[in-house]
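The file my_file.pdb comes next; it holds PDB, C-alpha atoms, pLDDT in the B column.
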```
ATOM      1  CA  MET X   1      17.594   0.698   1.296  1.00 82.00           C
ATOM      2  CA  LYS X   2      16.093   2.744   4.138  1.00 86.00           C
ATOM      3  CA  ASN X   3      12.533   2.792   5.419  1.00 92.00           C
ATOM      4  CA  ILE X   4      10.757   6.143   5.654  1.00 91.00           C
ATOM      5  CA  ALA X   5       8.868   6.143   8.943  1.00 85.00           C
ATOM      6  CA  THR X   6       6.756   8.895  10.457  1.00 72.00           C
ATOM      7  CA  VAL X   7       8.652  12.026  11.379  1.00 57.00           C
ATOM      8  CA  PRO X   8       9.173  12.435  15.161  1.00 55.00           C
ATOM      9  CA  GLY X   9       6.330  14.495  16.611  1.00 50.00           C
ATOM     10  CA  GLN X  10       3.807  13.494  13.949  1.00 51.00           C
ATOM     11  CA  THR X  11       0.493  12.325  15.402  1.00 52.00           C
ATOM     12  CA  PRO X  12       0.478   8.482  15.569  1.00 49.00           C
ATOM     13  CA  GLY X  13      -1.899   6.793  13.156  1.00 51.00           C
ATOM     14  CA  LEU X  14      -2.062   9.698  10.709  1.00 60.00           C
ATOM     15  CA  HIS X  15      -0.185   7.866   8.005  1.00 74.00           C
ATOM     16  CA  SER X  16      -0.733   5.262   5.297  1.00 90.00           C
ATOM     17  CA  ARG X  17       2.020   2.665   5.117  1.00 93.00           C
ATOM     18  CA  PHE X  18       2.889   0.969   1.842  1.00 96.00           C
ATOM     19  CA  TYR X  19       5.766  -1.243   0.754  1.00 97.00           C
ATOM     20  CA  PHE X  20       8.338  -1.289  -2.027  1.00 97.00           C
ATOM     21  CA  THR X  21      11.350  -3.234  -3.193  1.00 98.00           C
ATOM     22  CA  GLU X  22      13.728  -2.974  -6.131  1.00 98.00           C
ATOM     23  CA  ALA X  23      12.244  -4.627  -9.212  1.00 97.00           C
ATOM     24  CA  ALA X  24      15.369  -6.768  -9.627  1.00 97.00           C
ATOM     25  CA  ASN X  25      14.475  -8.512  -6.331  1.00 97.00           C
ATOM     26  CA  LEU X  26      11.373 -10.109  -7.853  1.00 96.00           C
ATOM     27  CA  PRO X  27      11.451 -13.465  -9.664  1.00 94.00           C
ATOM     28  CA  ASP X  28      11.421 -13.508 -13.478  1.00 92.00           C
ATOM     29  CA  TYR X  29       8.015 -15.194 -13.464  1.00 92.00           C
ATOM     30  CA  ILE X  30       5.096 -14.557 -11.090  1.00 94.00           C
ATOM     31  CA  PRO X  31       2.350 -17.212 -11.294  1.00 94.00           C
ATOM     32  CA  THR X  32      -1.129 -15.716 -11.527  1.00 94.00           C
ATOM     33  CA  ASN X  33      -4.747 -16.716 -11.875  1.00 94.00           C
ATOM     34  CA  GLY X  34      -6.271 -13.811 -13.759  1.00 92.00           C
ATOM     35  CA  ALA X  35      -5.464 -10.703 -11.695  1.00 94.00           C
ATOM     36  CA  LEU X  36      -4.510 -12.686  -8.549  1.00 95.00           C
ATOM     37  CA  ILE X  37      -0.954 -13.727  -7.661  1.00 95.00           C
ATOM     38  CA  ILE X  38      -0.765 -17.398  -6.699  1.00 94.00           C
ATOM     39  CA  GLY X  39       1.238 -18.289  -3.571  1.00 93.00           C
ATOM     40  CA  ASP X  40       3.894 -16.163  -1.882  1.00 94.00           C
ATOM     41  CA  LEU X  41       6.262 -13.762  -3.616  1.00 92.00           C
ATOM     42  CA  GLN X  42       9.776 -15.218  -3.547  1.00 91.00           C
ATOM     43  CA  LEU X  43      12.256 -12.343  -3.485  1.00 95.00           C
ATOM     44  CA  LYS X  44      15.929 -12.717  -4.288  1.00 95.00           C
ATOM     45  CA  PRO X  45      17.772 -14.208  -1.266  1.00 95.00           C
ATOM     46  CA  GLY X  46      18.851 -11.570   1.231  1.00 95.00           C
ATOM     47  CA  THR X  47      16.353  -8.943   0.014  1.00 96.00           C
ATOM     48  CA  LEU X  48      13.221  -7.560   1.681  1.00 96.00           C
ATOM     49  CA  PHE X  49      10.417  -5.094   1.196  1.00 97.00           C
ATOM     50  CA  ASN X  50      10.861  -1.647   2.754  1.00 97.00           C
ATOM     51  CA  PHE X  51       8.093   0.716   3.811  1.00 96.00           C
ATOM     52  CA  ILE X  52       7.128   4.367   3.528  1.00 95.00           C
ATOM     53  CA  ASP X  53       4.726   6.067   5.941  1.00 93.00           C
ATOM     54  CA  ALA X  54       2.940   8.555   3.705  1.00 93.00           C
ATOM     55  CA  THR X  55       0.639  11.202   5.153  1.00 91.00           C
ATOM     56  CA  GLN X  56      -2.827   9.748   5.639  1.00 88.00           C
ATOM     57  CA  PHE X  57      -5.148   9.881   2.601  1.00 88.00           C
ATOM     58  CA  THR X  58      -2.426  11.262   0.286  1.00 92.00           C
ATOM     59  CA  PRO X  59      -1.421   8.000  -1.476  1.00 93.00           C
ATOM     60  CA  ASP X  60      -3.111   7.884  -4.883  1.00 94.00           C
ATOM     61  CA  PHE X  61      -2.936   5.196  -7.538  1.00 96.00           C
ATOM     62  CA  ASP X  62      -3.884   5.737 -11.182  1.00 96.00           C
ATOM     63  CA  GLN X  63      -3.885   2.985 -13.815  1.00 96.00           C
ATOM     64  CA  GLN X  64      -4.580   3.928 -17.412  1.00 95.00           C
ATOM     65  CA  ASP X  65      -4.863   1.228 -20.070  1.00 92.00           C
ATOM     66  CA  ASP X  66      -3.911   1.752 -23.708  1.00 88.00           C
ATOM     67  CA  ASN X  67      -4.299  -0.431 -26.796  1.00 87.00           C
ATOM     68  CA  ASP X  68      -1.800  -0.362 -29.646  1.00 79.00           C
ATOM     69  CA  LYS X  69      -0.516  -2.739 -32.325  1.00 79.00           C
ATOM     70  CA  ASN X  70       1.423  -4.661 -29.657  1.00 77.00           C
ATOM     71  CA  GLY X  71      -1.634  -5.219 -27.456  1.00 84.00           C
ATOM     72  CA  THR X  72      -2.808  -3.705 -24.178  1.00 89.00           C
ATOM     73  CA  SER X  73      -0.469  -1.842 -21.855  1.00 92.00           C
ATOM     74  CA  TYR X  74      -1.015  -0.079 -18.522  1.00 95.00           C
ATOM     75  CA  ALA X  75       0.447   3.227 -17.363  1.00 96.00           C
ATOM     76  CA  HIS X  76       0.884   3.171 -13.577  1.00 97.00           C
ATOM     77  CA  SER X  77       1.278   6.171 -11.274  1.00 97.00           C
ATOM     78  CA  PHE X  78       1.467   5.792  -7.492  1.00 97.00           C
ATOM     79  CA  SER X  79       2.054   9.064  -5.643  1.00 96.00           C
ATOM     80  CA  GLY X  80       1.701  10.686  -2.239  1.00 95.00           C
ATOM     81  CA  PHE X  81       3.174  13.020   0.350  1.00 95.00           C
ATOM     82  CA  VAL X  82       5.555  12.515   3.279  1.00 94.00           C
ATOM     83  CA  ALA X  83       5.393  15.233   5.923  1.00 90.00           C
ATOM     84  CA  GLY X  84       8.491  16.865   7.378  1.00 89.00           C
ATOM     85  CA  ASP X  85      12.054  17.575   6.326  1.00 90.00           C
ATOM     86  CA  THR X  86      15.061  16.222   8.207  1.00 90.00           C
ATOM     87  CA  PRO X  87      18.567  15.205   7.091  1.00 93.00           C
ATOM     88  CA  GLU X  88      17.560  11.542   7.498  1.00 93.00           C
ATOM     89  CA  LEU X  89      14.398  11.941   5.410  1.00 93.00           C
ATOM     90  CA  ALA X  90      16.203  13.932   2.711  1.00 94.00           C
ATOM     91  CA  THR X  91      18.913  11.234   2.499  1.00 95.00           C
ATOM     92  CA  ALA X  92      16.320   8.447   2.259  1.00 95.00           C
ATOM     93  CA  MET X  93      14.618  10.260  -0.621  1.00 96.00           C
ATOM     94  CA  MET X  94      17.891  10.907  -2.439  1.00 96.00           C
ATOM     95  CA  GLU X  95      18.967   7.267  -2.382  1.00 95.00           C
ATOM     96  CA  LYS X  96      15.743   6.182  -4.121  1.00 96.00           C
ATOM     97  CA  LYS X  97      15.641   8.779  -6.900  1.00 95.00           C
ATOM     98  CA  GLY X  98      15.796   7.302 -10.382  1.00 93.00           C
ATOM     99  CA  LYS X  99      15.829   3.694  -9.184  1.00 96.00           C
ATOM    100  CA  ARG X 100      13.569   0.881 -10.367  1.00 97.00           C
ATOM    101  CA  PHE X 101      10.943  -0.380  -7.923  1.00 98.00           C
ATOM    102  CA  VAL X 102       7.689  -2.249  -7.529  1.00 98.00           C
ATOM    103  CA  VAL X 103       5.055  -1.163  -4.999  1.00 98.00           C
ATOM    104  CA  LEU X 104       2.830  -3.236  -2.736  1.00 97.00           C
ATOM    105  CA  TYR X 105      -0.017  -1.224  -1.232  1.00 95.00           C
ATOM    106  CA  LYS X 106      -3.353  -1.777   0.513  1.00 92.00           C
ATOM    107  CA  ASP X 107      -6.375  -0.050  -0.982  1.00 89.00           C
ATOM    108  CA  LEU X 108      -9.284   1.349   1.028  1.00 85.00           C
ATOM    109  CA  ASP X 109     -11.117  -1.971   0.714  1.00 87.00           C
ATOM    110  CA  GLY X 110      -8.221  -3.737   2.449  1.00 88.00           C
ATOM    111  CA  HIS X 111      -6.894  -5.486  -0.680  1.00 92.00           C
ATOM    112  CA  LEU X 112      -3.134  -5.747  -1.217  1.00 95.00           C
ATOM    113  CA  LYS X 113      -2.051  -5.036  -4.785  1.00 96.00           C
ATOM    114  CA  LEU X 114       1.336  -5.276  -6.500  1.00 97.00           C
ATOM    115  CA  ILE X 115       2.216  -2.598  -9.057  1.00 97.00           C
ATOM    116  CA  GLY X 116       4.950  -3.503 -11.538  1.00 96.00           C
ATOM    117  CA  ASP X 117       7.209  -6.514 -11.981  1.00 94.00           C
ATOM    118  CA  ARG X 118      10.851  -7.334 -12.659  1.00 94.00           C
ATOM    119  CA  GLU X 119      10.680  -6.328 -16.321  1.00 94.00           C
ATOM    120  CA  HIS X 120       8.089  -3.553 -16.071  1.00 94.00           C
ATOM    121  CA  TYR X 121       9.267  -1.434 -13.162  1.00 96.00           C
ATOM    122  CA  LEU X 122       8.350   1.926 -11.625  1.00 98.00           C
ATOM    123  CA  MET X 123      10.781   4.841 -11.497  1.00 98.00           C
ATOM    124  CA  PHE X 124      10.941   6.854  -8.254  1.00 97.00           C
ATOM    125  CA  ASP X 125      10.977  10.643  -8.226  1.00 97.00           C
ATOM    126  CA  TYR X 126      10.280  13.345  -5.648  1.00 97.00           C
ATOM    127  CA  ARG X 127      10.362  17.068  -4.920  1.00 95.00           C
ATOM    128  CA  LEU X 128      10.510  19.090  -1.725  1.00 95.00           C
ATOM    129  CA  THR X 129       7.645  21.390  -0.801  1.00 91.00           C
ATOM    130  CA  PRO X 130       9.300  23.831   1.640  1.00 85.00           C
ATOM    131  CA  GLY X 131       6.088  25.255   3.110  1.00 75.00           C
ATOM    132  CA  LEU X 132       7.167  28.900   3.037  1.00 72.00           C
ATOM    133  CA  ASN X 133       3.676  30.336   3.516  1.00 72.00           C
ATOM    134  CA  PRO X 134       1.416  30.046   6.605  1.00 67.00           C
ATOM    135  CA  GLY X 135      -0.709  26.921   6.379  1.00 66.00           C
ATOM    136  CA  ASP X 136       1.587  25.216   3.865  1.00 74.00           C
ATOM    137  CA  ARG X 137       2.837  21.733   4.708  1.00 83.00           C
ATOM    138  CA  LYS X 138       6.562  21.108   4.582  1.00 89.00           C
ATOM    139  CA  GLY X 139       7.430  17.739   3.116  1.00 93.00           C
ATOM    140  CA  TYR X 140       8.098  15.633   0.045  1.00 95.00           C
ATOM    141  CA  LYS X 141       5.793  14.850  -2.844  1.00 96.00           C
ATOM    142  CA  PHE X 142       6.830  11.511  -4.354  1.00 97.00           C
ATOM    143  CA  SER X 143       5.813   9.309  -7.259  1.00 97.00           C
ATOM    144  CA  PHE X 144       6.447   5.824  -8.649  1.00 98.00           C
ATOM    145  CA  LYS X 145       5.678   5.739 -12.380  1.00 97.00           C
ATOM    146  CA  GLY X 146       6.013   3.151 -15.119  1.00 97.00           C
ATOM    147  CA  LYS X 147       4.336   1.252 -17.950  1.00 94.00           C
ATOM    148  CA  SER X 148       3.542  -2.457 -17.936  1.00 92.00           C
ATOM    149  CA  ARG X 149       1.877  -5.180 -19.965  1.00 89.00           C
ATOM    150  CA  ASN X 150       0.103  -6.225 -16.767  1.00 91.00           C
ATOM    151  CA  PRO X 151      -2.419  -4.390 -14.579  1.00 95.00           C
ATOM    152  CA  SER X 152      -1.830  -4.164 -10.839  1.00 96.00           C
ATOM    153  CA  LEU X 153      -2.248  -7.639  -9.314  1.00 96.00           C
ATOM    154  CA  PHE X 154      -4.053  -8.711  -6.143  1.00 96.00           C
ATOM    155  CA  TYR X 155      -1.862 -10.426  -3.542  1.00 96.00           C
ATOM    156  CA  ASN X 156      -2.982 -12.555  -0.589  1.00 94.00           C
ATOM    157  CA  GLY X 157       0.378 -14.059   0.393  1.00 95.00           C
ATOM    158  CA  ARG X 158       2.979 -13.195   3.020  1.00 95.00           C
ATOM    159  CA  PHE X 159       6.039 -10.993   2.620  1.00 96.00           C
ATOM    160  CA  GLU X 160       9.087  -9.948   4.652  1.00 96.00           C
ATOM    161  CA  VAL X 161       9.572  -6.291   5.578  1.00 96.00           C
ATOM    162  CA  SER X 162      12.703  -4.597   6.911  1.00 95.00           C
ATOM    163  CA  GLU X 163      12.345  -3.678  10.643  1.00 92.00           C
ATOM    164  CA  GLU X 164       8.806  -5.091  10.646  1.00 93.00           C
ATOM    165  CA  GLY X 165       9.187  -8.835  10.027  1.00 94.00           C
ATOM    166  CA  THR X 166       6.732 -11.125   8.260  1.00 94.00           C
ATOM    167  CA  ILE X 167       3.420  -9.651   7.127  1.00 93.00           C
ATOM    168  CA  LYS X 168       0.796 -12.385   6.897  1.00 86.00           C
ATOM    169  CA  PRO X 169      -2.528 -12.182   5.106  1.00 71.00           C
ATOM    170  CA  GLU X 170      -5.433 -11.428   7.395  1.00 65.00           C
ATOM    171  CA  ALA X 171      -7.750 -14.326   8.145  1.00 53.00           C
ATOM    172  CA  GLN X 172     -11.148 -13.836   6.605  1.00 50.00           C
ATOM    173  CA  GLY X 173     -13.625 -15.242   9.100  1.00 47.00           C
ATOM    174  CA  ALA X 174     -17.385 -15.359   8.850  1.00 48.00           C
ATOM    175  CA  PRO X 175     -19.280 -12.107   9.517  1.00 54.00           C
ATOM    176  CA  VAL X 176     -21.036 -11.524  12.850  1.00 62.00           C
ATOM    177  CA  LEU X 177     -24.818 -11.210  12.554  1.00 63.00           C
ATOM    178  CA  VAL X 178     -26.493  -8.609  14.795  1.00 70.00           C
ATOM    179  CA  LYS X 179     -30.132  -9.302  15.753  1.00 68.00           C
ATOM    180  CA  ASP X 180     -32.592  -7.810  18.217  1.00 68.00           C
ATOM    181  CA  THR X 181     -34.175  -9.731  21.123  1.00 70.00           C
ATOM    182  CA  HIS X 182     -36.940 -10.940  18.816  1.00 69.00           C
ATOM    183  CA  GLY X 183     -34.469 -12.500  16.431  1.00 67.00           C
ATOM    184  CA  ASN X 184     -34.896  -9.843  13.761  1.00 68.00           C
ATOM    185  CA  PHE X 185     -31.796  -9.241  11.656  1.00 62.00           C
ATOM    186  CA  ILE X 186     -30.272  -5.767  12.081  1.00 68.00           C
ATOM    187  CA  THR X 187     -26.894  -5.851  10.341  1.00 67.00           C
ATOM    188  CA  SER X 188     -23.759  -7.911   9.786  1.00 57.00           C
ATOM    189  CA  ILE X 189     -20.216  -6.987  10.831  1.00 61.00           C
ATOM    190  CA  PRO X 190     -17.370  -8.249   8.607  1.00 54.00           C
ATOM    191  CA  SER X 191     -14.557 -10.154  10.295  1.00 54.00           C
ATOM    192  CA  GLY X 192     -11.997  -7.779  11.793  1.00 51.00           C
ATOM    193  CA  LYS X 193     -14.328  -4.761  11.852  1.00 55.00           C
ATOM    194  CA  THR X 194     -15.650  -2.986  14.965  1.00 59.00           C
ATOM    195  CA  LEU X 195     -19.255  -2.269  15.929  1.00 61.00           C
ATOM    196  CA  ILE X 196     -19.805   0.753  18.178  1.00 61.00           C
ATOM    197  CA  ILE X 197     -23.222   1.066  19.839  1.00 64.00           C
ATOM    198  CA  GLN X 198     -24.247   4.387  21.357  1.00 58.00           C
ATOM    199  CA  SER X 199     -27.415   4.325  23.459  1.00 56.00           C
ATOM    200  CA  GLY X 200     -28.870   5.976  26.526  1.00 56.00           C
ATOM    201  CA  PHE X 201     -30.542   2.713  27.490  1.00 56.00           C
ATOM    202  CA  LYS X 202     -29.145  -0.316  29.236  1.00 60.00           C
ATOM    203  CA  LEU X 203     -28.413  -3.109  26.777  1.00 58.00           C
ATOM    204  CA  ASN X 204     -28.061  -6.836  27.298  1.00 61.00           C
ATOM    205  CA  PHE X 205     -26.035  -8.947  24.886  1.00 59.00           C
ATOM    206  CA  SER X 206     -25.881 -12.629  24.160  1.00 61.00           C
ATOM    207  CA  ILE X 207     -23.187 -14.114  21.922  1.00 60.00           C
ATOM    208  CA  VAL X 208     -24.210 -17.395  20.293  1.00 58.00           C
TER
END
```
Show this structure as structure tokens.
Amino acid sequence: MKNIATVPGQTPGLHSRFYFTEAANLPDYIPTNGALIIGDLQLKPGTLFNFIDATQFTPDFDQQDDNDKNGTSYAHSFSGFVAGDTPELATAMMEKKGKRFVVLYKDLDGHLKLIGDREHYLMFDYRLTPGLNPGDRKGYKFSFKGKSRNPSLFYNGRFEVSEEGTIKPEAQGAPVLVKDTHGNFITSIPSGKTLIIQSGFKLNFSIV
């Protein structure tokens, strides 16, 4: 299976990377605690996750629940857009069409979530938008769709990605407290985030 990276010439950083693997690569049973996967996902030996660099802000996930005589089920739809059209990109799209996948993506809050499992998979489909009119974007609209007995599950473990290596969960350290010179609390900065201060005055800092 091929990765779909940014098209040459596309501005760096203007993409949202997510991961996928064939559903058959997952174990039959995934231990969970509520909506959280316990431990690391153990894929079938010799298999990895692949990635797709979708155009920034286009990935969209919709999860609709439904109750019937058999209990609760969830309809999943993960979709987005990949800019450009090259022979390599067209081939990568073709090889995925109609196959059974699961998706691992990071939401805007920084949480990784797994959509689908070995039994309840997502089917891949796509279509080309040729961009024939001025202002139109040329590229591929794609979707992963399926129905499951489980909602999307949170994942804090590590996973192996083709061409990228091991992705480890980010360490969640304590927040940094920002105070003025009188000790008055101003704000807190979560671990891993950046604080940018713009001022026309000279500032002195002390880290304690």
Inset, instruction - With the file shown as input, list the residues that the PyMOL selection byres ((chain X and resi 33-38) around 8) selects, as a PyMOL selection string. - result: chain X and resi 30-32+39-40+151-157
Kindly export the residues of the current selection with C-alpha atoms, as an mmCIF file, keeping the file's coordinate frame.
```
data_model
loop_
_atom_site.group_PDB
_atom_site.id
_atom_site.type_symbol
_atom_site.label_atom_id
_atom_site.label_comp_id
_atom_site.auth_asym_id
_atom_site.auth_seq_id
_atom_site.Cartn_x
_atom_site.Cartn_y
_atom_site.Cartn_z
ATOM 1 C CA ILE X 30 5.096 -14.557 -11.090
ATOM 2 C CA PRO X 31 2.350 -17.212 -11.294
ATOM 3 C CA THR X 32 -1.129 -15.716 -11.527
ATOM 4 C CA GLY X 39 1.238 -18.289 -3.571
ATOM 5 C CA ASP X 40 3.894 -16.163 -1.882
ATOM 6 C CA PRO X 151 -2.419 -4.390 -14.579
ATOM 7 C CA SER X 152 -1.830 -4.164 -10.839
ATOM 8 C CA LEU X 153 -2.248 -7.639 -9.314
ATOM 9 C CA PHE X 154 -4.053 -8.711 -6.143
ATOM 10 C CA TYR X 155 -1.862 -10.426 -3.542
ATOM 11 C CA ASN X 156 -2.982 -12.555 -0.589
ATOM 12 C CA GLY X 157 0.378 -14.059 0.393
#
```
Pull the closest atom pair for each residue of region 20-42 of chain X that gets at most 10 Å from region 115-139 of chain X, along with the distance in Å to one decimal, counting only C-alpha atoms, ordering rows by chain and then ascending residue number, as JSON lines.
```
{"residue": "X:Phe20", "atom": "CA", "partner": "X:Ile115", "partner_atom": "CA", "distance": 9.4}
{"residue": "X:Glu22", "atom": "CA", "partner": "X:Arg118", "partner_atom": "CA", "distance": 8.4}
{"residue": "X:Ala23", "atom": "CA", "partner": "X:Arg118", "partner_atom": "CA", "distance": 4.6}
{"residue": "X:Ala24", "atom": "CA", "partner": "X:Arg118", "partner_atom": "CA", "distance": 5.5}
{"residue": "X:Asn25", "atom": "CA", "partner": "X:Arg118", "partner_atom": "CA", "distance": 7.4}
{"residue": "X:Leu26", "atom": "CA", "partner": "X:Arg118", "partner_atom": "CA", "distance": 5.6}
{"residue": "X:Pro27", "atom": "CA", "partner": "X:Arg118", "partner_atom": "CA", "distance": 6.8}
{"residue": "X:Asp28", "atom": "CA", "partner": "X:Arg118", "partner_atom": "CA", "distance": 6.3}
{"residue": "X:Tyr29", "atom": "CA", "partner": "X:Arg118", "partner_atom": "CA", "distance": 8.4}
{"residue": "X:Ile30", "atom": "CA", "partner": "X:Asp117", "partner_atom": "CA", "distance": 8.4}
```
Legend entry - Residues returned when the PyMOL selection byres ((chain X and resi 94-97) around 10) runs on this file, as an MDAnalysis selection string: chainID X and resid 1:2 22 88:93 98:101 123:126 142:144
Inset, instruction - Would you mind reading off the distance between CA of Ser162 (chain X) and CA of Phe18 (chain X), one decimal, in Å? - result: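 Going from CA of Ser162 (chain X) over to CA of Phe18 (chain X) covers 12.4 Å.
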Inset, instruction - Counting only C-alpha atoms, figure out which residue out of X:Leu48, X:Leu41, X:Leu114, X:Ile4 gets nearest to Glu160 (chain X). - result: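 With only C-alpha atoms as the atom set, the closest residue is X:Leu48.
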Legend entry - Computed interatomic separation between CA of Phe81 (chain X) and CA of Ile167 (chain X) (Å):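 Taking CA of Phe81 (chain X) and CA of Ile167 (chain X), their separation equals 23.7 Å.
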Inset, instruction - Can you work out which one of X:Leu43, X:Val102, X:Leu108, X:Ala75 has the shortest atom-to-atom distance to Pro59 (chain X), counting all atoms listed in the file? - result: X:Leu108
